[in-house]
Amino acid sequence: MKTNKSFTKRLKVTKNGKILGRKAGQNHFNAKESGSQKQNKKRLLKVVFNNKAKARFLPGRFKKSSI
């Protein structure tokens, strides 16, 4: 199966092998939120994949590691 490149580009892999990605729901309707809520939305979350999702969304060098 080919890797889903558009999704792969939205992920960041740390030097220890953790996979980070953005939280959902950040694109609009943010004007009414407080500054601290906006700041919290900018943080990245650890993304957890099962083996099937790893094969679909990660490039080959990350599929075999125990991420």
# chains A, B, ... in the order shown; residues from 1 in each chain; ligands from 1
>>> select_by_dssp(residues="stretch 4-53 of chain A", states="helix (DSSP H, G or I)", output="list in words")
Lys5, Ser6, Phe7, Thr8, Gly35, Ser36, Gln37, Lys38, Gln39, Asn40, Lys41, Asn51, Lys52 and Ala53 of chain A
>>> write_last_selection(atoms="C-alpha atoms", output="mmCIF file, in the first residue's frame")
data_model
loop_
_atom_site.group_PDB
_atom_site.id
_atom_site.type_symbol
_atom_site.label_atom_id
_atom_site.label_comp_id
_atom_site.auth_asym_id
_atom_site.auth_seq_id
_atom_site.Cartn_x
_atom_site.Cartn_y
_atom_site.Cartn_z
ATOM 1 C CA LYS A 5 1.888 11.582 1.789
ATOM 2 C CA SER A 6 -0.498 14.446 2.567
ATOM 3 C CA PHE A 7 -1.033 13.165 6.101
ATOM 4 C CA THR A 8 2.615 12.204 6.580
ATOM 5 C CA GLY A 35 -5.319 33.682 25.380
ATOM 6 C CA SER A 36 -4.404 30.643 27.446
ATOM 7 C CA GLN A 37 -6.831 28.466 25.485
ATOM 8 C CA LYS A 38 -5.326 29.670 22.213
ATOM 9 C CA GLN A 39 -1.835 28.971 23.531
ATOM 10 C CA ASN A 40 -2.804 25.430 24.537
ATOM 11 C CA LYS A 41 -4.102 24.705 21.050
ATOM 12 C CA ASN A 51 0.147 -1.487 12.972
ATOM 13 C CA LYS A 52 -2.357 -1.026 10.153
ATOM 14 C CA ALA A 53 -2.261 2.762 10.484
#
>>> atom_distance(atom1="atom CA of A:Val13", atom2="atom CA of A:Phe29")
28.9 Å
>>> select_by_dssp(residues="stretch 3-44 of chain A", states="strand (DSSP E or B)", output="JSON, numbers by chain")
{"A": [12, 13, 19, 20, 21, 22, 44]}
>>> closest_residue(among="A:Ala24, A:Val47, A:Ala31, A:Leu58", to="A:Lys9", atoms="only C-alpha atoms")
A:Leu58
>>> atom_distance(atom1="atom CA of A:Leu45", atom2="atom CA of A:Arg10")
12.0 Å
